[in-house]
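Heads up, final_32.cif below (mmCIF, C-alpha atoms):
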data_coords
loop_
_atom_site.label_atom_id
_atom_site.label_comp_id
_atom_site.auth_asym_id
_atom_site.auth_seq_id
_atom_site.Cartn_x
_atom_site.Cartn_y
_atom_site.Cartn_z
CA MET A 1 0.24 -68.61 32.17
CA LYS A 2 -0.10 -71.74 34.28
CA ILE A 3 3.63 -72.58 34.26
CA ILE A 4 4.49 -69.33 36.06
CA ARG A 5 2.43 -70.43 39.10
CA ASP A 6 4.05 -73.88 39.27
CA LYS A 7 6.45 -73.92 42.24
CA GLN A 8 8.15 -77.09 41.02
CA VAL A 9 9.04 -75.44 37.72
CA TRP A 10 10.43 -72.34 39.44
CA GLY A 11 12.33 -74.42 41.97
CA TRP A 12 13.98 -76.23 39.07
CA VAL A 13 14.62 -73.00 37.12
CA PHE A 14 16.25 -71.28 40.11
CA TYR A 15 18.91 -73.96 40.31
CA ASP A 16 20.22 -72.77 36.93
CA TRP A 17 20.20 -69.22 38.34
CA ALA A 18 22.12 -70.64 41.33
CA ASN A 19 24.87 -72.70 39.72
CA SER A 20 25.59 -70.59 36.62
CA VAL A 21 27.61 -68.16 38.75
CA PHE A 22 30.26 -70.86 39.10
CA ALA A 23 30.59 -71.02 35.30
CA THR A 24 30.76 -67.24 34.85
CA VAL A 25 32.59 -65.92 37.93
CA VAL A 26 34.92 -68.89 38.49
CA ILE A 27 35.53 -70.83 35.26
CA ALA A 28 35.19 -68.06 32.65
CA GLY A 29 35.93 -65.04 34.81
CA PHE A 30 38.34 -64.78 37.72
CA PHE A 31 39.89 -68.18 38.45
CA PRO A 32 42.21 -68.46 35.39
CA VAL A 33 43.57 -64.94 35.95
CA VAL A 34 44.00 -65.27 39.73
CA PHE A 35 45.55 -68.69 39.37
CA LYS A 36 48.22 -67.37 37.02
CA GLN A 37 48.92 -64.12 38.87
CA TYR A 38 48.42 -65.14 42.52
CA TRP A 39 48.45 -68.83 43.34
CA ALA A 40 50.90 -69.88 40.58
CA SER A 41 52.95 -66.69 40.40
CA ASP A 42 56.14 -68.72 41.01
CA LEU A 43 55.52 -70.81 37.88
CA SER A 44 56.23 -69.74 34.34
CA SER A 45 53.27 -68.73 32.17
CA GLU A 46 53.57 -71.97 30.19
CA GLN A 47 53.67 -74.09 33.38
CA SER A 48 50.62 -72.42 34.93
CA THR A 49 48.68 -72.83 31.68
CA PHE A 50 49.66 -76.51 31.55
CA TRP A 51 48.58 -77.26 35.12
CA LEU A 52 45.31 -75.35 34.85
CA GLY A 53 44.51 -77.10 31.58
CA SER A 54 45.40 -80.45 33.13
CA ALA A 55 43.07 -79.80 36.08
CA ASN A 56 40.20 -79.01 33.70
CA SER A 57 40.90 -82.18 31.73
CA VAL A 58 41.12 -84.39 34.83
CA ALA A 59 37.84 -83.06 36.22
CA SER A 60 36.05 -83.46 32.88
CA LEU A 61 37.41 -87.00 32.45
CA ILE A 62 36.18 -88.01 35.90
CA VAL A 63 32.71 -86.68 35.09
CA VAL A 64 32.68 -88.46 31.72
CA LEU A 65 33.52 -91.76 33.45
CA LEU A 66 31.12 -91.32 36.36
CA ALA A 67 28.10 -89.78 34.55
CA PRO A 68 26.50 -93.03 33.30
CA ILE A 69 27.11 -94.80 36.63
CA LEU A 70 25.66 -91.91 38.66
CA GLY A 71 22.66 -91.72 36.34
CA SER A 72 21.97 -95.41 36.77
CA LEU A 73 22.30 -95.15 40.56
CA ALA A 74 19.92 -92.18 40.68
CA ASP A 75 17.23 -94.00 38.70
CA CYS A 76 17.59 -97.31 40.54
CA ALA A 77 17.31 -95.74 43.98
CA GLY A 78 15.10 -92.76 43.11
CA ILE A 79 17.58 -90.26 44.57
CA ARG A 80 18.12 -87.75 41.75
CA LYS A 81 17.43 -84.72 43.93
CA ARG A 82 19.52 -85.95 46.85
CA LEU A 83 22.51 -86.64 44.60
CA LEU A 84 22.08 -83.22 42.97
CA LEU A 85 22.16 -81.52 46.37
CA LEU A 86 25.14 -83.62 47.47
CA PHE A 87 27.19 -82.56 44.43
CA MET A 88 26.00 -78.97 44.89
CA LEU A 89 27.36 -78.97 48.46
CA LEU A 90 30.65 -80.39 47.19
CA GLY A 91 30.94 -77.56 44.65
CA VAL A 92 29.94 -74.89 47.17
CA ALA A 93 32.48 -76.12 49.75
CA ALA A 94 35.26 -76.20 47.15
CA THR A 95 34.41 -72.68 45.91
CA MET A 96 34.38 -71.34 49.47
CA MET A 97 37.78 -72.95 50.02
CA PHE A 98 39.39 -70.82 47.26
CA SER A 99 39.31 -67.76 49.52
CA THR A 100 41.30 -69.53 52.27
CA ILE A 101 44.24 -70.73 50.15
CA SER A 102 47.38 -68.60 50.32
CA ALA A 103 49.50 -67.37 47.41
CA GLY A 104 51.91 -69.95 46.02
CA LEU A 105 49.79 -73.01 46.95
CA TRP A 106 48.84 -73.65 43.33
CA TRP A 107 48.63 -77.43 43.72
CA LEU A 108 46.19 -77.14 46.63
CA VAL A 109 43.87 -74.70 44.87
CA LEU A 110 43.85 -76.96 41.79
CA VAL A 111 42.64 -79.85 43.97
CA ALA A 112 39.85 -77.60 45.24
CA TYR A 113 39.13 -76.48 41.68
CA ILE A 114 38.78 -80.09 40.48
CA PHE A 115 36.28 -80.78 43.27
CA GLY A 116 34.44 -77.57 42.38
CA ILE A 117 34.06 -78.66 38.74
CA LEU A 118 33.01 -82.15 39.86
CA GLY A 119 30.31 -80.60 42.02
CA PHE A 120 29.14 -78.30 39.23
CA MET A 121 29.13 -80.87 36.42
CA GLY A 122 27.98 -83.78 38.57
CA ALA A 123 24.91 -81.93 39.84
CA ASN A 124 23.96 -81.02 36.28
CA ILE A 125 23.49 -84.72 35.41
CA PHE A 126 20.57 -84.93 37.82
CA TYR A 127 19.37 -81.39 37.12
CA ASP A 128 18.95 -82.17 33.42
CA ALA A 129 17.19 -85.44 34.23
CA MET A 130 14.70 -83.65 36.52
CA LEU A 131 13.49 -81.58 33.54
CA VAL A 132 11.35 -84.58 32.60
CA GLU A 133 9.72 -84.59 36.04
CA VAL A 134 8.92 -80.87 36.31
CA SER A 135 7.63 -80.30 32.78
CA ARG A 136 4.51 -81.30 30.97
CA HIS A 137 5.30 -82.64 27.52
CA HIS A 138 4.04 -79.61 25.57
CA HIS A 139 5.92 -77.16 27.84
CA ILE A 140 9.28 -78.90 27.94
CA ASP A 141 11.04 -76.55 25.45
CA LYS A 142 9.85 -73.46 27.29
CA ILE A 143 10.85 -74.76 30.71
CA SER A 144 14.29 -75.79 29.43
CA GLY A 145 14.68 -72.29 27.95
CA LEU A 146 13.62 -70.67 31.22
CA GLY A 147 16.39 -72.56 33.00
CA PHE A 148 19.11 -71.45 30.60
CA GLY A 149 17.69 -67.91 30.41
CA PHE A 150 17.69 -67.35 34.15
CA GLY A 151 21.10 -69.00 34.36
CA TYR A 152 22.52 -66.40 31.98
CA LEU A 153 20.88 -63.59 33.95
CA GLY A 154 22.04 -64.81 37.36
CA GLY A 155 25.59 -65.44 36.17
CA GLY A 156 25.71 -62.05 34.45
CA ILE A 157 24.42 -60.13 37.49
CA LEU A 158 26.95 -61.59 39.92
CA LEU A 159 29.84 -61.29 37.44
CA ALA A 160 28.94 -57.63 36.79
CA LEU A 161 28.83 -56.96 40.54
CA CYS A 162 32.19 -58.66 41.10
CA VAL A 163 33.82 -56.78 38.21
CA PHE A 164 32.49 -53.47 39.60
CA MET A 165 33.87 -54.35 43.04
CA THR A 166 37.33 -55.00 41.58
CA GLU A 167 37.28 -51.57 39.93
CA GLN A 168 36.21 -49.80 43.15
CA PRO A 169 37.65 -51.91 45.99
CA VAL A 170 37.90 -49.06 48.53
CA ILE A 171 34.15 -48.38 48.32
CA PHE A 172 33.51 -51.93 49.50
CA GLY A 173 36.10 -51.78 52.31
CA PHE A 174 38.93 -53.67 50.58
CA LYS A 175 42.52 -52.46 50.29
CA GLU A 176 43.69 -54.70 47.43
CA VAL A 177 42.00 -56.01 44.29
CA ILE A 178 43.04 -59.56 45.17
CA ASP A 179 41.00 -59.33 48.38
CA VAL A 180 37.93 -58.42 46.33
CA VAL A 181 38.49 -61.34 43.96
CA LEU A 182 38.89 -63.82 46.82
CA PHE A 183 35.70 -62.42 48.37
CA SER A 184 33.99 -62.90 44.99
CA PHE A 185 34.52 -66.64 45.38
CA VAL A 186 32.76 -66.48 48.78
CA LEU A 187 29.85 -64.60 47.19
CA THR A 188 29.68 -67.23 44.45
CA ALA A 189 29.50 -70.06 46.98
CA ILE A 190 26.78 -68.31 49.02
CA TRP A 191 24.75 -67.46 45.90
CA TRP A 192 24.99 -71.06 44.65
CA PHE A 193 23.84 -72.49 47.99
CA VAL A 194 21.04 -70.03 48.78
CA PHE A 195 19.38 -70.18 45.36
CA SER A 196 19.54 -73.99 45.38
CA LEU A 197 17.10 -74.04 48.31
CA PRO A 198 13.94 -73.57 46.16
CA LEU A 199 14.78 -76.80 44.32
CA ALA A 200 15.44 -78.56 47.62
CA PHE A 201 12.05 -77.56 49.08
CA TRP A 202 9.75 -77.16 46.08
CA VAL A 203 10.66 -79.94 43.65
CA ASP A 204 9.19 -83.36 44.38
CA GLU A 205 11.00 -86.51 43.36
CA SER A 206 9.19 -89.53 42.00
CA ARG A 207 10.21 -92.91 43.33
CA PRO A 208 10.79 -95.98 41.11
CA VAL A 209 7.56 -97.92 40.44
CA ALA A 210 9.21 -101.24 41.30
CA VAL A 211 11.32 -100.79 44.41
CA GLN A 212 14.21 -103.23 44.33
CA LYS A 213 17.33 -103.63 46.38
CA VAL A 214 20.04 -101.34 45.05
CA SER A 215 23.35 -103.13 44.49
CA VAL A 216 26.52 -102.52 42.53
CA HIS A 217 25.54 -105.34 40.16
CA ARG A 218 22.09 -103.85 39.53
CA VAL A 219 23.45 -100.33 38.97
CA PHE A 220 25.97 -101.54 36.39
CA SER A 221 23.54 -103.94 34.70
CA GLU A 222 21.01 -101.09 34.30
CA MET A 223 23.75 -98.84 32.96
CA PHE A 224 24.86 -101.37 30.34
CA ALA A 225 21.24 -102.02 29.41
CA THR A 226 20.82 -98.28 28.77
CA PHE A 227 23.95 -98.22 26.61
CA ARG A 228 22.63 -101.16 24.61
CA HIS A 229 19.31 -99.42 24.09
CA VAL A 230 21.01 -96.19 23.01
CA LEU A 231 23.24 -98.03 20.53
CA GLY A 232 20.28 -100.05 19.30
CA ASP A 233 18.06 -97.02 18.79
CA LYS A 234 19.19 -95.39 15.54
CA GLN A 235 17.39 -92.11 16.24
CA ILE A 236 18.85 -91.60 19.74
CA SER A 237 22.37 -92.61 18.69
CA LEU A 238 22.22 -90.35 15.62
CA PHE A 239 21.03 -87.41 17.70
CA LEU A 240 23.76 -87.94 20.30
CA LEU A 241 26.40 -88.07 17.56
CA ALA A 242 25.05 -84.88 15.96
CA TYR A 243 24.86 -83.23 19.40
CA TRP A 244 28.43 -84.25 20.26
CA ILE A 245 29.72 -82.66 17.06
CA TYR A 246 27.80 -79.38 17.03
CA ILE A 247 28.01 -78.80 20.80
CA ASP A 248 31.77 -79.23 20.37
CA GLY A 249 31.61 -76.16 18.12
CA VAL A 250 29.44 -74.25 20.61
CA ASP A 251 31.72 -75.09 23.56
CA THR A 252 34.85 -74.29 21.53
CA ILE A 253 33.57 -70.79 20.80
CA ILE A 254 32.71 -70.34 24.50
CA ARG A 255 36.17 -71.46 25.62
CA MET A 256 38.31 -69.98 22.85
CA ALA A 257 36.58 -66.64 22.15
CA VAL A 258 38.70 -64.74 24.69
CA ASP A 259 41.90 -66.36 23.45
CA TYR A 260 40.94 -65.51 19.86
CA GLY A 261 40.21 -61.90 20.82
CA LEU A 262 43.57 -61.57 22.57
CA ALA A 263 45.31 -63.04 19.52
CA LEU A 264 43.73 -60.28 17.41
CA GLY A 265 45.09 -57.67 19.82
CA PHE A 266 41.90 -56.74 21.72
CA ASP A 267 42.14 -55.53 25.32
CA SER A 268 41.19 -57.98 28.10
CA GLY A 269 38.75 -55.42 29.52
CA ASP A 270 36.90 -55.36 26.21
CA LEU A 271 36.66 -59.13 26.31
CA ILE A 272 35.07 -59.07 29.79
CA ILE A 273 32.51 -56.57 28.47
CA ALA A 274 31.78 -58.93 25.57
CA LEU A 275 31.27 -61.79 28.05
CA LEU A 276 28.77 -59.68 30.00
CA ILE A 277 26.97 -58.75 26.77
CA THR A 278 26.54 -62.43 25.92
CA GLN A 279 25.20 -63.16 29.41
CA PHE A 280 22.58 -60.40 29.43
CA VAL A 281 21.49 -60.94 25.82
CA GLY A 282 21.32 -64.68 26.52
CA PHE A 283 18.69 -64.22 29.27
CA PRO A 284 15.72 -63.10 27.16
CA ALA A 285 17.02 -64.76 24.00
CA ALA A 286 17.02 -68.30 25.46
CA ILE A 287 13.41 -67.88 26.60
CA VAL A 288 12.21 -66.31 23.34
CA TYR A 289 14.11 -68.86 21.25
CA THR A 290 12.28 -71.77 22.85
CA HIS A 291 8.96 -70.08 22.06
CA ILE A 292 10.13 -69.87 18.44
CA GLY A 293 10.95 -73.58 18.60
CA ASP A 294 7.43 -74.21 19.88
CA ARG A 295 6.02 -72.37 16.82
CA ILE A 296 8.21 -73.67 14.00
CA GLY A 297 9.37 -76.97 15.51
CA THR A 298 12.33 -77.81 17.74
CA ARG A 299 14.48 -79.29 14.99
CA LYS A 300 13.96 -76.31 12.65
CA ALA A 301 14.87 -73.94 15.48
CA LEU A 302 18.03 -75.96 16.16
CA PHE A 303 18.95 -75.75 12.47
CA ALA A 304 18.43 -71.98 12.54
CA GLY A 305 20.69 -71.62 15.59
CA LEU A 306 23.45 -73.72 14.05
CA ALA A 307 23.15 -71.71 10.82
CA VAL A 308 23.70 -68.52 12.84
CA TYR A 309 26.78 -70.11 14.42
CA THR A 310 28.07 -70.81 10.90
CA LEU A 311 27.67 -67.10 10.09
CA ILE A 312 29.42 -66.23 13.37
CA THR A 313 32.51 -68.18 12.30
CA LEU A 314 32.48 -66.41 8.91
CA TRP A 315 32.18 -62.99 10.55
CA GLY A 316 34.84 -63.88 13.13
CA TYR A 317 37.22 -64.78 10.28
CA GLN A 318 37.11 -61.25 8.83
CA MET A 319 36.57 -59.28 12.07
CA GLU A 320 38.74 -56.18 12.50
CA SER A 321 37.41 -54.05 15.37
CA VAL A 322 36.26 -54.34 18.98
CA ALA A 323 32.82 -53.11 17.88
CA GLU A 324 32.57 -56.19 15.65
CA PHE A 325 33.59 -58.37 18.59
CA TYR A 326 30.70 -56.88 20.56
CA GLY A 327 28.42 -57.62 17.60
CA LEU A 328 29.53 -61.24 17.65
CA ALA A 329 28.90 -61.35 21.41
CA ILE A 330 25.31 -60.24 20.75
CA MET A 331 24.84 -62.85 18.01
CA ILE A 332 26.22 -65.59 20.25
CA GLY A 333 23.94 -64.50 23.08
CA LEU A 334 20.92 -64.66 20.76
CA VAL A 335 21.39 -68.35 19.89
CA GLN A 336 23.68 -69.97 22.47
CA GLY A 337 21.07 -70.56 25.19
CA GLY A 338 18.44 -71.55 22.62
CA VAL A 339 20.63 -74.23 21.06
CA GLN A 340 21.55 -75.58 24.50
CA ALA A 341 17.97 -75.53 25.81
CA LEU A 342 16.36 -77.06 22.72
CA SER A 343 19.03 -79.77 22.52
CA ARG A 344 18.19 -80.78 26.09
CA SER A 345 14.41 -80.76 25.60
CA TYR A 346 14.68 -82.49 22.18
CA TYR A 347 16.62 -85.34 23.78
CA ALA A 348 14.24 -85.46 26.76
CA ARG A 349 11.36 -86.21 24.36
CA MET A 350 13.24 -89.20 22.93
CA ILE A 351 13.94 -91.07 26.17
CA PRO A 352 11.84 -92.99 28.73
CA ALA A 353 10.96 -90.66 31.63
CA GLU A 354 11.49 -93.32 34.31
CA ARG A 355 15.14 -93.74 33.22
CA ALA A 356 15.89 -90.07 32.56
CA ALA A 357 18.93 -89.87 34.85
CA GLU A 358 20.58 -92.83 33.10
CA TYR A 359 19.96 -91.37 29.66
CA PHE A 360 21.06 -87.90 30.74
CA GLY A 361 24.17 -89.50 32.23
CA ILE A 362 25.06 -90.54 28.66
CA TYR A 363 23.95 -87.13 27.34
CA ASN A 364 26.24 -85.36 29.81
CA MET A 365 29.03 -87.82 29.05
CA MET A 366 28.80 -86.78 25.39
CA GLY A 367 28.54 -83.10 26.26
CA LYS A 368 31.45 -83.08 28.70
CA SER A 369 33.69 -85.00 26.30
CA ALA A 370 32.92 -82.37 23.64
CA ALA A 371 35.17 -79.36 23.07
CA ILE A 372 38.00 -81.84 22.45
CA LEU A 373 38.17 -81.72 18.68
CA GLY A 374 37.37 -78.01 18.34
CA PRO A 375 40.24 -76.51 20.38
CA VAL A 376 42.71 -78.98 18.84
CA LEU A 377 41.40 -78.07 15.39
CA MET A 378 41.74 -74.34 16.12
CA GLY A 379 45.23 -74.73 17.57
CA GLY A 380 46.44 -77.02 14.79
CA ILE A 381 45.13 -74.76 12.00
CA ALA A 382 46.66 -71.70 13.67
CA VAL A 383 50.07 -73.39 13.87
CA LEU A 384 49.93 -74.84 10.34
CA THR A 385 48.80 -71.61 8.70
CA ASP A 386 50.35 -69.12 11.15
CA ASN A 387 47.00 -67.33 10.97
CA HIS A 388 44.45 -67.27 13.81
CA ARG A 389 41.68 -66.25 11.42
CA TYR A 390 41.78 -69.62 9.65
CA SER A 391 41.47 -71.32 13.04
CA ILE A 392 38.04 -69.79 13.80
CA LEU A 393 36.91 -70.55 10.26
CA SER A 394 37.70 -74.24 10.78
CA ILE A 395 35.01 -74.52 13.50
CA MET A 396 32.36 -74.02 10.82
CA VAL A 397 32.95 -77.66 9.81
CA LEU A 398 31.53 -78.84 13.15
CA PHE A 399 28.30 -76.89 12.71
CA VAL A 400 27.80 -78.01 9.11
CA LEU A 401 28.48 -81.67 9.94
CA GLY A 402 26.21 -81.48 12.98
CA MET A 403 23.37 -80.08 10.84
CA LEU A 404 23.82 -82.80 8.23
CA LEU A 405 23.53 -85.52 10.88
CA LEU A 406 20.56 -83.79 12.49
CA LEU A 407 18.77 -83.99 9.14
CA LYS A 408 18.64 -87.76 9.58
CA VAL A 409 16.99 -87.55 13.00
CA LYS A 410 13.19 -87.62 13.04
CA ASP A 411 11.38 -84.94 15.01
CA PRO A 412 10.19 -86.78 18.18
CA VAL A 413 6.98 -84.71 18.27
CA ARG A 414 6.06 -85.67 14.70
CA ALA A 415 7.05 -89.28 15.36
CA ALA A 416 4.70 -89.38 18.35
#

Structure rendered as structure tokens:
Amino acid sequence: MKIIRDKQVWGWVFYDWANSVFATVVIAGFFPVVFKQYWASDLSSEQSTFWLGSANSVASLIVVLLAPILGSLADCAGIRKRLLLLFMLLGVAATMMFSTISAGLWWLVLVAYIFGILGFMGANIFYDAMLVEVSRHHHIDKISGLGFGFGYLGGGILLALCVFMTEQPVIFGFKEVIDVVLFSFVLTAIWWFVFSLPLAFWVDESRPVAVQKVSVHRVFSEMFATFRHVLGDKQISLFLLAYWIYIDGVDTIIRMAVDYGLALGFDSGDLIIALLITQFVGFPAAIVYTHIGDRIGTRKALFAGLAVYTLITLWGYQMESVAEFYGLAIMIGLVQGGVQALSRSYYARMIPAERAAEYFGIYNMMGKSAAILGPVLMGGIAVLTDNHRYSILSIMVLFVLGMLLLLKVKDPVRAA
């Protein structure tokens, strides 16, 4: 297959392999636990949860505000790759810094954590936009799926290694588990940096056709022009609204699955196993799912994935055993990467290639501001009904509403 021999494609794909370890090892894996038990051990459980949640919100809000501006700057100056690498270095430096911060300095590690998330999310704005440059039109779904697939595999491999090291610290020359965890952050930073090098050396960056002087006025005028075009284009605005709603459901399940499992009385070790299952199932599934989308159509494949998510919420509502939780982890792994990858490639077909960073700035703004309604909905339903099972069932509304809106969006391939 010709794509496999394309160095630009593989350079782009390996960045997902590189940066996904931050999402798995840091955000979803070790940081929340170590923050509560090590850096913020002097705070109450409620206080540590509040400050960690606040740090996540602050970082996400900064990205939401900056994404359209950064996208406009990248397109005006033709510096998508350079900005991606700059934000990558910011994230790597912040992640490396975790291992140097002593116990009790919770405020300092939260500052580093905010910069780490900024680096991770900020780089993704330009990474998503570069999909348009590295893919031929008829391969865009498959390439997007390759990125997510290898991201799941890379994140899963390093998380599995780090978990094994924490269970056998003496074998690796460590006396305490906390030393292993702090070293895991160093490994994450090194992995992220090293596997970003293929993108740095292999992926070419196209320059703007009309080279103009870059100024603050031009960057903001281009940004507002993009917003006007998005709002004036019914198909793009409808898709972004549908995406914002259904990706809210996807992100809510990602963020709240562990909390839901704990509420049902499952052991934290079982939940880590479920996370690993999702990662390793997600690797081949994301790639295969995009091939399915190529056969039956991207929009139909998106509908199928969202329908599976609807079934997941129904199963989660009546789940009783850890074995069922593992089953749900498999189901999520089968569709999660596919929905994410096809959403990205579907949107990429709808936008002008020469302004991809600006449009993906808005796309990332919508994506990063998602998972606002879902967690509030889950928490509110749980409090009102005093039943966690109703809370997971409520997320089904987001998938159903997202599918209904997606029905009104024309398939960009058919439209072409």

key: Selection result for the PyMOL selection byres ((chain A and resi 112) around 12) on this file, as a ChimeraX atom specification   = /A:31,52,55-56,59,90-101,105-111,113-119

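Residue nearest Phe266 (chain A) within the list A:Tyr359, A:Phe239, A:Phe227, A:Tyr326: A:Tyr326 [criterion: smallest interatomic distance, only C-alpha atoms].
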
ask   = Hey, what comes out of the PyMOL selection byres ((chain A and resi 363) around 10) on this file? Could you write it as JSON, numbers by chain?
value = {"A": [64, 67, 68, 125, 128, 129, 240, 243, 244, 344, 347, 348, 357, 358, 359, 360, 361, 362, 364, 365, 366, 367, 368]}

Please dump the current selection as a PDB file, keeping the file's coordinate frame; keep C-alpha atoms.
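File result-v2.pdb, as written:
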ATOM      1  CA  VAL A  64      32.680 -88.460  31.720  1.00  0.00           C
ATOM      2  CA  ALA A  67      28.100 -89.780  34.550  1.00  0.00           C
ATOM      3  CA  PRO A  68      26.500 -93.030  33.300  1.00  0.00           C
ATOM      4  CA  ILE A 125      23.490 -84.720  35.410  1.00  0.00           C
ATOM      5  CA  ASP A 128      18.950 -82.170  33.420  1.00  0.00           C
ATOM      6  CA  ALA A 129      17.190 -85.440  34.230  1.00  0.00           C
ATOM      7  CA  LEU A 240      23.760 -87.940  20.300  1.00  0.00           C
ATOM      8  CA  TYR A 243      24.860 -83.230  19.400  1.00  0.00           C
ATOM      9  CA  TRP A 244      28.430 -84.250  20.260  1.00  0.00           C
ATOM     10  CA  ARG A 344      18.190 -80.780  26.090  1.00  0.00           C
ATOM     11  CA  TYR A 347      16.620 -85.340  23.780  1.00  0.00           C
ATOM     12  CA  ALA A 348      14.240 -85.460  26.760  1.00  0.00           C
ATOM     13  CA  ALA A 357      18.930 -89.870  34.850  1.00  0.00           C
ATOM     14  CA  GLU A 358      20.580 -92.830  33.100  1.00  0.00           C
ATOM     15  CA  TYR A 359      19.960 -91.370  29.660  1.00  0.00           C
ATOM     16  CA  PHE A 360      21.060 -87.900  30.740  1.00  0.00           C
ATOM     17  CA  GLY A 361      24.170 -89.500  32.230  1.00  0.00           C
ATOM     18  CA  ILE A 362      25.060 -90.540  28.660  1.00  0.00           C
ATOM     19  CA  ASN A 364      26.240 -85.360  29.810  1.00  0.00           C
ATOM     20  CA  MET A 365      29.030 -87.820  29.050  1.00  0.00           C
ATOM     21  CA  MET A 366      28.800 -86.780  25.390  1.00  0.00           C
ATOM     22  CA  GLY A 367      28.540 -83.100  26.260  1.00  0.00           C
ATOM     23  CA  LYS A 368      31.450 -83.080  28.700  1.00  0.00           C
TER      24      LYS A 368
END

Pick from A:Leu398, A:Ala77, A:Ile62, A:Gly282 nearest to Ile253 (chain A), counting all atoms listed in the file =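 Counting all atoms listed in the file, the residue closest to Ile253 (chain A) is A:Leu398.
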
task = Have a look at A:Leu161, A:Leu384, A:Val339, A:Ala307 and name the one nearest to Phe183 (chain A); count all atoms listed in the file.
result =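 Once distances to Phe183 (chain A) are computed over all atoms listed in the file, the minimum belongs to A:Leu161.
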
request  = Translate the PyMOL selection byres ((chain A and resi 80) around 12), as applied to the file shown, into an explicit residue set as a count of residues only.
outcome  = 44

ask   = Taking only C-alpha atoms into account, which of A:Val21, A:Ala40, A:Leu302, A:Ile178 comes nearest Ala341 (chain A)?
value =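 Closest candidate: A:Leu302.
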